[in-house]
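A.B. asks: Structure: protein.tsv, TSV, C-alpha atoms.
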```
chain	number	residue	atom	x	y	z
A	1	MET	CA	66.37	98.61	103.32
A	2	THR	CA	68.23	97.34	100.22
A	3	LYS	CA	70.19	100.59	100.08
A	4	THR	CA	71.26	100.27	103.72
A	5	LEU	CA	72.27	96.65	103.18
A	6	LEU	CA	74.24	97.59	100.06
A	7	ARG	CA	75.94	100.44	101.91
A	8	LYS	CA	77.00	98.04	104.66
A	9	PHE	CA	77.90	95.20	102.37
A	10	LEU	CA	79.76	96.99	99.54
A	11	PRO	CA	82.83	98.18	101.54
A	12	TRP	CA	83.44	94.59	102.71
A	13	LEU	CA	83.08	93.31	99.17
A	14	LEU	CA	85.56	95.95	98.00
A	15	CYS	CA	87.99	94.99	100.77
A	16	ALA	CA	87.76	91.30	99.83
A	17	TRP	CA	88.14	92.18	96.14
A	18	LEU	CA	91.31	94.24	96.67
A	19	ILE	CA	92.85	91.53	98.87
A	20	LEU	CA	92.05	89.01	96.12
A	21	VAL	CA	93.65	91.33	93.54
A	22	THR	CA	96.76	91.65	95.77
A	23	LEU	CA	97.03	87.86	96.05
A	24	GLY	CA	96.51	87.59	92.27
A	25	ALA	CA	99.19	90.22	91.61
A	26	PHE	CA	101.79	88.30	93.60
A	27	PHE	CA	100.82	84.64	93.21
A	28	TYR	CA	98.49	84.21	90.22
A	29	ALA	CA	100.01	86.48	87.55
A	30	PRO	CA	103.23	85.10	86.04
A	31	SER	CA	106.54	86.98	86.09
A	32	ALA	CA	106.87	89.40	83.19
A	33	GLN	CA	109.74	88.88	80.78
A	34	GLY	CA	112.31	91.63	80.16
A	35	PHE	CA	112.08	93.12	83.65
A	36	LYS	CA	114.45	92.79	86.58
A	37	GLY	CA	113.20	90.29	89.15
A	38	GLU	CA	109.55	90.70	90.06
A	39	SER	CA	109.55	94.48	89.53
A	40	ALA	CA	106.89	94.35	86.78
A	41	ARG	CA	104.27	93.27	89.35
A	42	ILE	CA	104.07	96.91	90.40
A	43	VAL	CA	102.02	97.48	87.22
A	44	PHE	CA	98.97	96.01	89.03
A	45	PHE	CA	99.08	98.94	91.48
A	46	HIS	CA	100.84	101.71	89.55
A	47	VAL	CA	98.54	101.72	86.48
A	48	PRO	CA	95.27	101.73	88.52
A	49	GLN	CA	96.64	104.57	90.69
A	50	ALA	CA	97.43	106.64	87.59
A	51	TRP	CA	93.99	105.78	86.13
A	52	VAL	CA	92.20	106.86	89.32
A	53	ALA	CA	94.19	110.12	89.36
A	54	VAL	CA	93.02	110.90	85.79
A	55	LEU	CA	89.44	109.89	86.69
A	56	ALA	CA	89.53	112.14	89.78
A	57	PHE	CA	90.74	115.12	87.74
A	58	CYS	CA	87.89	114.48	85.26
A	59	VAL	CA	85.37	114.48	88.14
A	60	ASN	CA	87.00	117.67	89.43
A	61	LEU	CA	86.44	119.29	86.02
A	62	VAL	CA	82.78	118.22	85.82
A	63	ALA	CA	82.05	119.43	89.39
A	64	SER	CA	83.86	122.73	88.73
A	65	LEU	CA	81.88	123.35	85.55
A	66	ARG	CA	78.66	122.53	87.43
A	67	TYR	CA	79.64	125.01	90.14
A	68	LEU	CA	80.29	127.75	87.58
A	69	ARG	CA	76.83	127.11	86.11
A	70	LYS	CA	74.71	126.55	89.22
A	71	ARG	CA	76.76	128.17	92.06
A	72	ASP	CA	75.92	125.30	94.39
A	73	ALA	CA	78.38	125.03	97.32
A	74	LEU	CA	78.08	121.25	97.23
A	75	ASP	CA	79.54	121.20	93.71
A	76	ASP	CA	82.53	123.12	95.05
A	77	ALA	CA	82.89	120.47	97.78
A	78	ARG	CA	82.62	117.74	95.13
A	79	ALA	CA	85.37	119.40	93.05
A	80	ALA	CA	87.66	119.75	96.08
A	81	ALA	CA	87.06	116.11	97.12
A	82	ALA	CA	87.93	114.85	93.63
A	83	ALA	CA	91.06	117.04	93.41
A	84	ARG	CA	92.19	115.83	96.85
A	85	LEU	CA	91.90	112.20	95.78
A	86	GLY	CA	93.50	112.96	92.41
A	87	LEU	CA	96.46	114.49	94.19
A	88	VAL	CA	96.81	111.53	96.58
A	89	PHE	CA	96.64	108.96	93.77
A	90	SER	CA	99.11	110.99	91.64
A	91	VAL	CA	101.58	110.96	94.55
A	92	LEU	CA	101.07	107.19	94.92
A	93	ALA	CA	101.60	106.66	91.16
A	94	THR	CA	104.77	108.78	91.31
A	95	VAL	CA	106.11	106.85	94.33
A	96	THR	CA	105.38	103.41	92.84
A	97	GLY	CA	106.87	104.53	89.51
A	98	SER	CA	109.96	105.72	91.32
A	99	LEU	CA	110.33	102.40	93.17
A	100	PHE	CA	110.12	100.58	89.82
A	101	ALA	CA	112.69	103.00	88.31
A	102	ASN	CA	115.10	102.24	91.14
A	103	VAL	CA	114.90	98.50	90.50
A	104	MET	CA	115.10	98.78	86.71
A	105	TRP	CA	117.49	101.70	86.18
A	106	ASN	CA	119.23	101.93	89.60
A	107	SER	CA	117.93	105.40	90.31
A	108	PHE	CA	114.70	106.62	91.89
A	109	TRP	CA	114.71	109.67	89.60
A	110	ASN	CA	115.88	109.72	85.96
A	111	TRP	CA	114.39	112.98	84.62
A	112	ASP	CA	112.28	110.85	82.33
A	113	PRO	CA	109.53	112.83	80.48
A	114	ARG	CA	106.86	110.77	82.24
A	115	GLU	CA	108.37	111.39	85.69
A	116	VAL	CA	108.70	115.11	85.04
A	117	SER	CA	105.22	115.50	83.52
A	118	ILE	CA	103.44	113.83	86.45
A	119	VAL	CA	105.35	116.03	88.92
A	120	ILE	CA	104.32	119.15	86.96
A	121	LEU	CA	100.72	117.90	87.10
A	122	LEU	CA	101.11	117.33	90.85
A	123	LEU	CA	102.34	120.89	91.32
A	124	ILE	CA	99.46	122.28	89.23
A	125	TYR	CA	96.89	120.52	91.44
A	126	ALA	CA	98.83	121.37	94.62
A	127	ALA	CA	98.49	125.02	93.55
A	128	TYR	CA	94.70	124.44	93.37
A	129	PHE	CA	94.73	123.84	97.14
A	130	ALA	CA	97.13	126.73	97.74
A	131	LEU	CA	94.59	128.93	95.92
A	132	ARG	CA	91.72	127.56	98.02
A	133	GLU	CA	93.63	128.28	101.23
A	134	ALA	CA	94.57	131.79	100.11
A	135	VAL	CA	91.01	133.08	99.54
A	136	PRO	CA	89.00	133.52	102.76
A	137	ASP	CA	85.65	134.43	101.16
A	138	GLU	CA	83.87	131.16	100.38
A	139	GLU	CA	81.98	132.19	97.26
A	140	ARG	CA	85.01	133.89	95.77
A	141	ARG	CA	87.18	130.90	96.66
A	142	ALA	CA	84.76	128.48	95.00
A	143	THR	CA	84.52	130.59	91.82
A	144	LEU	CA	88.28	131.12	91.51
A	145	SER	CA	89.15	127.51	92.21
A	146	ALA	CA	86.50	126.26	89.77
A	147	ALA	CA	87.94	128.51	87.04
A	148	TYR	CA	91.47	127.37	87.96
A	149	ALA	CA	90.37	123.70	87.86
A	150	VAL	CA	89.11	124.13	84.28
A	151	LEU	CA	92.48	125.61	83.25
A	152	ALA	CA	94.38	122.91	85.18
A	153	PHE	CA	92.43	120.18	83.41
A	154	VAL	CA	93.47	121.53	80.00
A	155	THR	CA	97.09	120.70	80.90
A	156	MET	CA	96.25	117.17	82.09
A	157	PRO	CA	95.83	115.34	78.73
A	158	PHE	CA	98.89	117.20	77.40
A	159	LEU	CA	101.07	116.20	80.37
A	160	ILE	CA	99.81	112.63	80.73
A	161	PHE	CA	99.19	111.55	77.14
A	162	VAL	CA	101.12	113.89	74.81
A	163	VAL	CA	104.48	114.91	76.38
A	164	PRO	CA	105.64	111.36	77.30
A	165	ARG	CA	104.94	110.24	73.72
A	166	ILE	CA	106.78	113.13	72.04
A	167	TYR	CA	110.10	112.50	73.76
A	168	TRP	CA	112.08	109.28	74.05
A	169	SER	CA	111.22	107.67	77.38
A	170	LEU	CA	112.55	104.90	79.61
A	171	HIS	CA	108.97	104.14	80.62
A	172	PRO	CA	107.72	100.72	79.45
A	173	ASP	CA	105.07	100.72	76.72
A	174	THR	CA	101.78	101.96	78.02
A	175	ILE	CA	98.45	100.18	77.64
A	176	ILE	CA	97.15	103.02	75.48
A	177	GLY	CA	99.69	103.37	72.68
A	178	ALA	CA	100.87	106.51	70.89
A	179	THR	CA	98.16	106.00	68.26
A	180	GLY	CA	95.51	105.95	70.98
A	181	LYS	CA	94.73	102.26	70.42
A	182	LEU	CA	94.60	99.76	73.27
A	183	LYS	CA	97.68	97.53	73.35
A	184	LEU	CA	96.86	94.45	75.36
A	185	GLU	CA	99.87	92.27	74.64
A	186	MET	CA	100.02	90.90	78.18
A	187	GLU	CA	99.64	87.33	79.28
A	188	SER	CA	95.93	86.67	79.94
A	189	ARG	CA	96.37	86.08	83.70
A	190	MET	CA	98.22	89.40	83.98
A	191	LEU	CA	95.38	91.12	82.12
A	192	GLN	CA	92.79	89.55	84.43
A	193	VAL	CA	94.61	90.86	87.51
A	194	LEU	CA	95.22	94.28	85.93
A	195	PHE	CA	91.54	94.76	85.02
A	196	GLY	CA	90.51	93.41	88.43
A	197	SER	CA	92.81	95.96	90.04
A	198	LEU	CA	91.47	98.78	87.83
A	199	ALA	CA	87.93	97.89	88.92
A	200	GLY	CA	88.97	97.66	92.59
A	201	PHE	CA	90.79	101.00	92.60
A	202	THR	CA	87.84	102.63	90.82
A	203	GLY	CA	85.54	101.25	93.54
A	204	LEU	CA	87.90	102.56	96.22
A	205	PHE	CA	87.88	106.00	94.58
A	206	ILE	CA	84.07	106.04	94.47
A	207	TRP	CA	83.85	105.05	98.14
A	208	LEU	CA	86.40	107.65	99.34
A	209	TYR	CA	84.86	110.36	97.13
A	210	THR	CA	81.33	109.60	98.38
A	211	LEU	CA	82.53	109.71	101.99
A	212	ASP	CA	84.15	113.11	101.48
A	213	VAL	CA	81.06	114.53	99.73
A	214	ARG	CA	78.69	113.15	102.41
A	215	LEU	CA	80.81	114.80	105.10
A	216	SER	CA	80.73	118.10	103.21
A	217	ARG	CA	76.94	117.82	102.83
A	218	VAL	CA	76.56	117.38	106.60
A	219	ARG	CA	78.87	120.34	107.22
A	220	LEU	CA	76.97	122.55	104.75
A	221	SER	CA	73.50	121.74	106.06
A	222	ARG	CA	74.72	122.24	109.65
A	223	ARG	CA	76.02	125.67	108.71
A	224	GLU	CA	72.76	126.52	106.92
A	225	ARG	CA	70.81	125.67	110.09
A	226	GLU	CA	73.14	127.79	112.21
A	227	GLU	CA	72.64	130.74	109.85
A	228	VAL	CA	68.85	130.41	110.09
B	229	MET	CA	116.37	88.95	92.51
B	230	PRO	CA	113.69	88.45	95.19
B	231	GLY	CA	112.79	84.88	96.05
B	232	PRO	CA	109.25	83.55	96.56
B	233	GLU	CA	109.47	84.17	100.33
B	234	SER	CA	110.06	87.92	99.80
B	235	LEU	CA	107.00	88.03	97.51
B	236	VAL	CA	105.00	86.60	100.43
B	237	TRP	CA	106.30	89.42	102.63
B	238	VAL	CA	105.47	92.14	100.09
B	239	ALA	CA	101.97	90.66	99.62
B	240	ALA	CA	101.49	90.48	103.42
B	241	VAL	CA	102.55	94.14	103.89
B	242	THR	CA	100.24	95.22	101.03
B	243	ILE	CA	97.30	93.36	102.60
B	244	VAL	CA	98.03	94.92	106.01
B	245	ILE	CA	98.02	98.38	104.35
B	246	TRP	CA	94.66	97.56	102.68
B	247	LEU	CA	93.17	96.37	105.97
B	248	GLY	CA	94.41	99.48	107.79
B	249	LEU	CA	92.89	101.72	105.13
B	250	PHE	CA	89.58	99.82	105.27
B	251	VAL	CA	89.32	99.91	109.05
B	252	TYR	CA	89.96	103.68	108.94
B	253	CYS	CA	87.42	104.24	106.13
B	254	LEU	CA	84.79	102.06	107.81
B	255	ALA	CA	85.20	104.06	111.03
B	256	LEU	CA	84.86	107.27	109.02
B	257	ASP	CA	81.79	105.86	107.22
B	258	ARG	CA	80.16	105.04	110.57
B	259	ARG	CA	80.95	108.50	111.88
B	260	VAL	CA	79.48	110.21	108.80
B	261	ARG	CA	76.35	108.04	109.05
B	262	ARG	CA	75.94	109.02	112.70
B	263	LEU	CA	76.25	112.70	111.74
B	264	GLU	CA	73.69	112.22	108.93
B	265	ASP	CA	71.27	110.48	111.30
B	266	GLY	CA	71.74	113.24	113.86
B	267	GLN	CA	70.45	115.86	111.44
```
Kindly transcribe the structure held in the file into structure tokens.
C.D. replies:
Amino acid sequence: MTKTLLRKFLPWLLCAWLILVTLGAFFYAPSAQGFKGESARIVFFHVPQAWVAVLAFCVNLVASLRYLRKRDALDDARAAAAARLGLVFSVLATVTGSLFANVMWNSFWNWDPREVSIVILLLIYAAYFALREAVPDEERRATLSAAYAVLAFVTMPFLIFVVPRIYWSLHPDTIIGATGKLKLEMESRMLQVLFGSLAGFTGLFIWLYTLDVRLSRVRLSRREREEV
Amino acid sequence: MPGPESLVWVAAVTIVIWLGLFVYCLALDRRVRRLEDGQ
């Protein structure tokens, strides 16, 4: 009963939360200094998108490792669902970053280390789906893509956290600095909205991921019944 | 430099995108639940 109520109630709460965050991003948080116009407000969407992409790739790794250990088809579905969402949120982070770049530096693309590294990461995870499509046998596909996902994940921290800090970059200072320490030098209202947005986007990821996995579970059990 | 009225527009478009995404996901949620109940 409580579970059903929660299931019905939570999506609406999430919707209200994200609308509140949007209103906060545009009308509650003050304008950031040192940026052209209101361009810095994109941080409330761009940073959570990048965070969710990293989170999704972590979930992809965990599900892939579980598949390699247990050979459960649902773990393969979990890995694919997480990679799909990771790819979508990486594209969104790239697009919002590019919009910001156009306002700040008059060009959508500047060959900045951070721009290049996220596109390389995008291509690596796009290849994960190319691999899945190329192998018709399901068990073989699941094994190969799980092994590939482990290798792909190894590149992720390097491309997201190391490369952009080695080279000089146009990108504004990140929240996690080069030393790995949190740098929270934002105005408190901006921080409130940013953390609210991070929580909202994480909730959205969990909802979308759960939906995808539930659909896969239905598909798998239907196929099992057909085979019997 | 965008004025306050253009911020209202950007916020309105963002909220419309959120609502569209939620309506789609809620419909999907209902469909998945129906499939789960049908099993």
A.B. asks: Tell me the residues of chain A close to chain B, meaning within 8 Å using only C-alpha atoms, as a list in words.
C.D. replies: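 Residues of chain A within 8 Å of chain B, counting only C-alpha atoms: Pro11, Cys15, Leu18, Ile19, Thr22, Leu23, Phe26, Lys36, Gly37, Glu38, Leu208, Leu211, Arg214, Leu215, Val218 and Arg222 of chain A.
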A.B. asks: Can you tell me how far CA of Phe100 (chain A) sits from CA of Ser39 (chain A), in Å to one decimal?
C.D. replies: 6.1 Å
A.B. asks: Would you kindly return, as number ranges by chain, each protein, DNA or RNA residue with an atom no farther than 12 Å from any atom of Val116 (chain A), considering all atoms listed in the file and excluding same-chain residues fewer than 6 positions away?
C.D. replies: A: 94, 97-98, 109-110, 122-123, 159-160, 163-164, 167, 169, 171
A.B. asks: Using CA of Arg66 (chain A) and CA of Ala130 (chain A) as the two end points, give the distance in Å to one decimal.
C.D. replies: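 Pair CA of Arg66 (chain A) / CA of Ala130 (chain A) returns 21.6 Å.
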A.B. asks: I'd like the neighbourhood of Arg41 (chain A) as a PyMOL selection string, where a residue qualifies if any of its atoms comes within 9 Å (using all atoms listed in the file), though same-chain residues fewer than 5 positions away should be ignored.
C.D. replies: chain A and resi 25-26+29-32+190
A.B. asks: Excluding Val54 (chain A) and residues on its chain fewer than 5 positions from it, collect all residues at most 9 Å away from it, counting only C-alpha atoms, and give them as a compact mmCIF listing (two decimals) with C-alpha atoms, in the frame of the given file.
C.D. replies:
```
# COMPACT_ATOMS: atom_id res chain seq x y z
CA GLN A 49 96.64 104.57 90.69
CA VAL A 59 85.37 114.48 88.14
CA GLY A 86 93.50 112.96 92.41
CA PHE A 89 96.64 108.96 93.77
CA SER A 90 99.11 110.99 91.64
CA MET A 156 96.25 117.17 82.09
CA PRO A 157 95.83 115.34 78.73
CA ILE A 160 99.81 112.63 80.73
```
A.B. asks: Quote the spacing between CA of Asp75 (chain A) and CA of Arg141 (chain A) in Å to one decimal place.
C.D. replies: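 Rounded to one decimal, the two atoms are 12.7 Å apart.
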A.B. asks: Using the atoms already present, construct N, CA and C atoms for region 229-262 of chain B and hand them back as a compact mmCIF listing (two decimals), keeping the file's coordinate frame.
C.D. replies:
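Result file is part21.txt:
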```txt
# COMPACT_ATOMS: atom_id res chain seq x y z
N MET B 229 117.71 89.37 92.94
CA MET B 229 116.37 88.95 92.51
C MET B 229 115.60 88.40 93.72
N PRO B 230 114.40 88.92 94.01
CA PRO B 230 113.69 88.45 95.19
C PRO B 230 113.18 87.03 95.03
N GLY B 231 113.28 86.26 96.08
CA GLY B 231 112.79 84.88 96.05
C GLY B 231 111.30 84.85 96.35
N PRO B 232 110.69 83.64 96.31
CA PRO B 232 109.25 83.55 96.56
C PRO B 232 108.87 84.00 97.96
N GLU B 233 109.81 83.79 98.95
CA GLU B 233 109.47 84.17 100.33
C GLU B 233 109.36 85.69 100.49
N SER B 234 110.17 86.45 99.70
CA SER B 234 110.06 87.92 99.80
C SER B 234 108.78 88.42 99.14
N LEU B 235 108.30 87.68 98.12
CA LEU B 235 107.00 88.03 97.51
C LEU B 235 105.88 87.88 98.54
N VAL B 236 106.00 86.83 99.37
CA VAL B 236 105.00 86.60 100.43
C VAL B 236 105.01 87.79 101.38
N TRP B 237 106.19 88.27 101.71
CA TRP B 237 106.30 89.42 102.63
C TRP B 237 105.68 90.69 102.02
N VAL B 238 106.01 90.92 100.75
CA VAL B 238 105.47 92.14 100.09
C VAL B 238 103.94 92.04 100.03
N ALA B 239 103.42 90.85 99.69
CA ALA B 239 101.97 90.66 99.62
C ALA B 239 101.36 90.88 101.01
N ALA B 240 102.02 90.35 102.06
CA ALA B 240 101.49 90.48 103.42
C ALA B 240 101.45 91.95 103.83
N VAL B 241 102.51 92.70 103.53
CA VAL B 241 102.55 94.14 103.89
C VAL B 241 101.45 94.88 103.13
N THR B 242 101.28 94.55 101.84
CA THR B 242 100.24 95.22 101.03
C THR B 242 98.86 94.96 101.63
N ILE B 243 98.62 93.70 102.03
CA ILE B 243 97.30 93.36 102.60
C ILE B 243 97.09 94.08 103.93
N VAL B 244 98.15 94.19 104.73
CA VAL B 244 98.03 94.92 106.01
C VAL B 244 97.69 96.39 105.74
N ILE B 245 98.32 96.97 104.71
CA ILE B 245 98.02 98.38 104.35
C ILE B 245 96.55 98.50 103.94
N TRP B 246 96.08 97.56 103.10
CA TRP B 246 94.66 97.56 102.68
C TRP B 246 93.74 97.50 103.88
N LEU B 247 94.05 96.55 104.80
CA LEU B 247 93.17 96.37 105.97
C LEU B 247 93.16 97.63 106.83
N GLY B 248 94.33 98.24 107.01
CA GLY B 248 94.41 99.48 107.79
C GLY B 248 93.56 100.57 107.18
N LEU B 249 93.66 100.70 105.85
CA LEU B 249 92.89 101.72 105.13
C LEU B 249 91.38 101.45 105.27
N PHE B 250 91.00 100.17 105.18
CA PHE B 250 89.58 99.82 105.27
C PHE B 250 89.02 100.05 106.66
N VAL B 251 89.79 99.70 107.67
CA VAL B 251 89.32 99.91 109.05
C VAL B 251 89.12 101.41 109.27
N TYR B 252 90.06 102.22 108.79
CA TYR B 252 89.96 103.68 108.94
C TYR B 252 88.73 104.21 108.20
N CYS B 253 88.55 103.76 106.94
CA CYS B 253 87.42 104.24 106.13
C CYS B 253 86.09 103.77 106.69
N LEU B 254 86.05 102.55 107.22
CA LEU B 254 84.79 102.06 107.81
C LEU B 254 84.43 102.88 109.03
N ALA B 255 85.44 103.23 109.84
CA ALA B 255 85.20 104.06 111.03
C ALA B 255 84.68 105.43 110.60
N LEU B 256 85.28 105.96 109.55
CA LEU B 256 84.86 107.27 109.02
C LEU B 256 83.43 107.19 108.49
N ASP B 257 83.13 106.09 107.78
CA ASP B 257 81.79 105.86 107.22
C ASP B 257 80.75 105.85 108.34
N ARG B 258 81.08 105.13 109.42
CA ARG B 258 80.16 105.04 110.57
C ARG B 258 79.93 106.41 111.19
N ARG B 259 81.03 107.18 111.27
CA ARG B 259 80.95 108.50 111.88
C ARG B 259 80.08 109.44 111.03
N VAL B 260 80.28 109.37 109.71
CA VAL B 260 79.48 110.21 108.80
C VAL B 260 78.01 109.82 108.89
N ARG B 261 77.74 108.51 108.97
CA ARG B 261 76.35 108.04 109.05
C ARG B 261 75.69 108.54 110.33
N ARG B 262 76.46 108.53 111.42
CA ARG B 262 75.94 109.02 112.70
C ARG B 262 75.60 110.51 112.59
```
